[in-house]
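With mmCIF, C-alpha atoms inside, this is my_file-v4.cif:
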```cif
data_query
#
loop_
_atom_site.label_atom_id
_atom_site.label_comp_id
_atom_site.auth_asym_id
_atom_site.auth_seq_id
_atom_site.Cartn_x
_atom_site.Cartn_y
_atom_site.Cartn_z
CA MET A 1 30.25 -2.19 19.03
CA THR A 2 27.63 -3.71 21.32
CA ILE A 3 25.95 -7.06 20.70
CA ILE A 4 22.80 -8.08 22.56
CA GLN A 5 20.92 -11.32 22.04
CA GLU A 6 17.54 -12.21 23.50
CA THR A 7 14.88 -14.79 22.76
CA PHE A 8 11.16 -14.27 23.08
CA SER A 9 8.25 -16.66 22.65
CA SER A 10 5.02 -16.13 20.80
CA ASN A 11 2.01 -18.40 21.13
CA THR A 12 0.04 -19.12 17.98
CA ASN A 13 -3.36 -20.75 17.79
CA SER A 14 -3.89 -21.26 14.07
CA ARG A 15 -2.39 -20.71 10.64
CA LYS A 16 -2.06 -16.97 10.13
CA ALA A 17 0.32 -14.03 10.51
CA TYR A 18 0.89 -12.68 14.04
CA GLU A 19 2.31 -9.18 14.34
CA ILE A 20 5.40 -9.06 16.57
CA THR A 21 6.51 -5.49 15.76
CA ALA A 22 5.83 -4.17 19.27
CA GLU A 23 7.87 -6.91 20.96
CA VAL A 24 10.83 -6.31 18.65
CA GLN A 25 10.66 -2.52 18.92
CA LYS A 26 10.54 -2.80 22.72
CA LEU A 27 13.73 -4.90 22.77
CA VAL A 28 15.46 -2.40 20.50
CA ALA A 29 14.27 0.61 22.52
CA ASN A 30 15.43 -0.98 25.80
CA SER A 31 18.88 -1.70 24.41
CA ASP A 32 21.78 0.76 24.46
CA ILE A 33 22.02 0.58 20.69
CA GLN A 34 21.30 3.84 18.88
CA ASN A 35 22.37 2.78 15.37
CA GLY A 36 22.97 -0.69 14.01
CA LEU A 37 21.11 -3.80 12.93
CA CYS A 38 18.34 -5.94 14.35
CA HIS A 39 18.51 -9.54 13.19
CA LEU A 40 15.56 -11.89 13.82
CA PHE A 41 15.69 -15.68 13.50
CA ILE A 42 12.82 -18.10 14.12
CA GLN A 43 13.86 -21.48 15.52
CA HIS A 44 11.28 -23.57 13.69
CA THR A 45 10.78 -25.44 10.42
CA SER A 46 7.05 -24.81 10.07
CA ALA A 47 6.78 -21.06 10.71
CA SER A 48 8.50 -18.06 9.20
CA LEU A 49 9.08 -14.33 9.53
CA MET A 50 8.00 -11.58 7.15
CA LEU A 51 7.85 -7.85 6.69
CA CYS A 52 4.34 -7.16 5.50
CA GLU A 53 1.82 -4.38 5.15
CA ASN A 54 0.27 -3.67 8.54
CA ALA A 55 -2.53 -1.31 7.46
CA ASP A 56 -4.93 -3.64 5.65
CA PRO A 57 -5.38 -7.19 7.05
CA ASP A 58 -6.70 -8.28 3.64
CA VAL A 59 -3.07 -8.36 2.46
CA ARG A 60 -2.25 -11.12 4.93
CA THR A 61 -5.48 -12.95 4.09
CA ASP A 62 -4.57 -12.80 0.40
CA LEU A 63 -1.05 -14.08 1.12
CA GLU A 64 -2.53 -17.05 2.96
CA THR A 65 -4.96 -17.70 0.09
CA PHE A 66 -2.07 -17.60 -2.39
CA MET A 67 0.05 -19.93 -0.24
CA GLN A 68 -2.83 -22.40 0.07
CA SER A 69 -3.14 -22.42 -3.72
CA ILE A 70 0.52 -23.35 -4.29
CA VAL A 71 1.05 -25.61 -1.23
CA PRO A 72 -2.33 -27.11 -0.29
CA ASP A 73 -2.83 -29.27 2.77
CA GLY A 74 -3.29 -32.97 2.11
CA ASP A 75 -1.64 -32.93 -1.30
CA PRO A 76 -1.06 -36.61 -2.20
CA MET A 77 2.46 -35.85 -3.48
CA PHE A 78 3.63 -35.52 0.15
CA CYS A 79 4.47 -38.65 2.14
CA HIS A 80 5.59 -36.80 5.32
CA THR A 81 2.34 -36.53 7.28
CA THR A 82 3.62 -37.47 10.75
CA GLU A 83 1.77 -34.61 12.43
CA GLY A 84 -1.15 -34.30 10.03
CA VAL A 85 -2.04 -33.16 6.53
CA ASP A 86 -0.61 -29.67 7.18
CA ASP A 87 2.80 -31.04 8.27
CA MET A 88 4.74 -31.15 5.00
CA PRO A 89 2.97 -28.13 3.48
CA ALA A 90 4.11 -26.13 6.52
CA HIS A 91 7.72 -27.17 5.90
CA VAL A 92 7.47 -26.18 2.22
CA ARG A 93 5.91 -22.82 3.15
CA THR A 94 8.84 -22.15 5.48
CA LEU A 95 11.38 -23.00 2.78
CA ILE A 96 9.86 -20.55 0.29
CA THR A 97 9.50 -17.71 2.80
CA ASN A 98 12.01 -16.34 5.39
CA VAL A 99 13.28 -17.72 8.69
CA SER A 100 15.33 -14.57 9.32
CA LEU A 101 15.09 -10.81 8.79
CA THR A 102 17.57 -7.98 9.21
CA ILE A 103 16.29 -4.47 9.87
CA PRO A 104 18.35 -1.28 10.30
CA ILE A 105 18.24 0.52 13.65
CA ALA A 106 18.44 4.31 13.99
CA SER A 107 17.67 6.32 17.14
CA SER A 108 17.04 3.04 19.04
CA CYS A 109 14.18 2.08 16.71
CA CYS A 110 13.78 -0.37 13.83
CA GLN A 111 13.53 1.68 10.68
CA LEU A 112 10.39 0.19 9.21
CA GLY A 113 8.51 1.78 6.35
CA ALA A 114 5.23 3.59 6.96
CA TRP A 115 3.12 0.49 6.27
CA GLN A 116 5.53 -2.26 7.35
CA GLY A 117 5.06 -4.59 10.28
CA ILE A 118 7.09 -7.55 11.48
CA TYR A 119 5.12 -10.80 11.47
CA LEU A 120 5.54 -14.36 12.61
CA TRP A 121 3.75 -16.43 9.98
CA GLU A 122 2.45 -19.66 11.47
CA HIS A 123 2.14 -22.35 8.81
CA ARG A 124 0.54 -25.05 10.99
CA THR A 125 -3.19 -25.18 11.73
CA SER A 126 -2.80 -26.00 15.43
CA SER A 127 -1.39 -24.10 18.42
CA HIS A 128 2.37 -23.73 18.88
CA ASN A 129 4.84 -21.84 21.04
CA ARG A 130 7.34 -20.22 18.67
CA LYS A 131 10.74 -18.85 19.66
CA VAL A 132 12.40 -15.91 17.93
CA ILE A 133 16.04 -14.97 18.58
CA VAL A 134 16.69 -11.23 18.33
CA THR A 135 20.31 -10.18 17.87
CA LEU A 136 21.06 -6.47 18.08
CA HIS A 137 24.43 -5.09 17.12
CA GLY A 138 25.60 -1.54 16.79
CA ASP A 139 26.67 1.54 18.68
#
```
So that I can check it, write out the structure of this file as structure tokens.
Amino acid sequence: MTIIQETFSSNTNSRKAYEITAEVQKLVANSDIQNGLCHLFIQHTSASLMLCENADPDVRTDLETFMQSIVPDGDPMFCHTTEGVDDMPAHVRTLITNVSLTIPIASSCCQLGAWQGIYLWEHRTSSHNRKVIVTLHGD
């Protein structure tokens, strides 16, 4: 059993989903792991990870529209606004989505479905540098 752990950074410039599939697949391909698991963890409380359709960008637009409808910026019920009106909504968005993903590896490649991509979903409206820990384990 081999375990490899690396961290990579991704710069965001606004609230949206950023595809990180290529970065993850490259780490897996460059590892010695043929079969196993790829675990991803984002080290932030206002961004998340998701597996999402990668063919039609309208899917990600619709997800953002839905999220805005259930956790709108500037909602008066939130008192935590230290970094702006999107501060607490970003934390709520992270809590109801995923901060980690686990994907099977076969033949040194993440076994994603035909229309799946790996995304970092930025929940803040301003620029951030996000860190994702990738842990690979297998044979």
With the cut-off set at 6 Å and counting all atoms listed in the file, tabulate each residue of segment 82-132 of chain A with an atom at most that distance from an atom of segment 43-64 of chain A, showing the nearest atom pair and its distance in Å to one decimal, ordered by chain and increasing number, as a Markdown table.
```
| residue | atom | partner | partner_atom | distance |
| --- | --- | --- | --- | --- |
| A:Ala90 | CA | A:Ser46 | CA | 4.8 |
| A:His91 | CA | A:Ser46 | CA | 4.8 |
| A:Thr94 | CA | A:Ser48 | CA | 5.5 |
| A:Asn98 | CA | A:Leu49 | CA | 5.5 |
| A:Val99 | CA | A:Ser48 | CA | 4.8 |
| A:Trp115 | CA | A:Glu53 | CA | 5.2 |
| A:Gln116 | CA | A:Glu53 | CA | 4.8 |
| A:Gly117 | CA | A:Asn54 | CA | 5.2 |
| A:Ile118 | CA | A:Leu51 | CA | 4.9 |
| A:Tyr119 | CA | A:Met50 | CA | 5.3 |
| A:Leu120 | CA | A:Leu49 | CA | 4.7 |
| A:Trp121 | CA | A:Ser48 | CA | 5.1 |
| A:Glu122 | CA | A:Ala47 | CA | 4.6 |
| A:His123 | CA | A:Ala47 | CA | 5.2 |
| A:Lys131 | CA | A:Gln43 | CA | 5.8 |
```
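Taking all atoms listed in the file into account, Met67 of chain A lies nearest to A:Ile96 out of the set A:Ile96, A:Leu40, A:Cys79, A:Val24.
Counting all atoms listed in the file, the residue from A:Asn35, A:Ser127, A:Gln111, A:Asn13 that sits nearest to Met1 of chain A is A:Asn35.
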Practice item. Excluding Asp139 of chain A and residues on its chain fewer than 5 positions from it, collect all residues at most 8 Å away from it, counting only C-alpha atoms, and give them as a PyMOL selection string. Key: chain A and resi 1-2+32-36
Review point. In Å, with one decimal, what is the gap from atom CA of Ile133 of chain A to atom CA of Ser100 of chain A?
Key: 9.3 Å
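The spacing separating atom CA of Ser10 of chain A from atom CA of Arg130 of chain A amounts to 5.2 Å.
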Exercise for review: Measuring atom to atom with all atoms listed in the file, identify which of A:Pro76, A:Leu95, A:Val28, A:Ile103 is nearest to Ile3 of chain A.
Suggested key: A:Val28
Review point. At what distance in Å, to one decimal, does atom CA of Arg124 of chain A lie from atom CA of Phe78 of chain A?
Key: 15.4 Å
Point to revise | Residues selected by the PyMOL selection byres ((chain A and resi 30) around 12), written as number ranges by chain | key: A: 4, 6, 23-29, 31-34, 107-109, 136
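Using all atoms listed in the file, the shortest contact distance between Phe41 of chain A and any of A:Thr7, A:Met77, A:Arg93, A:Ile70 is found at A:Thr7.
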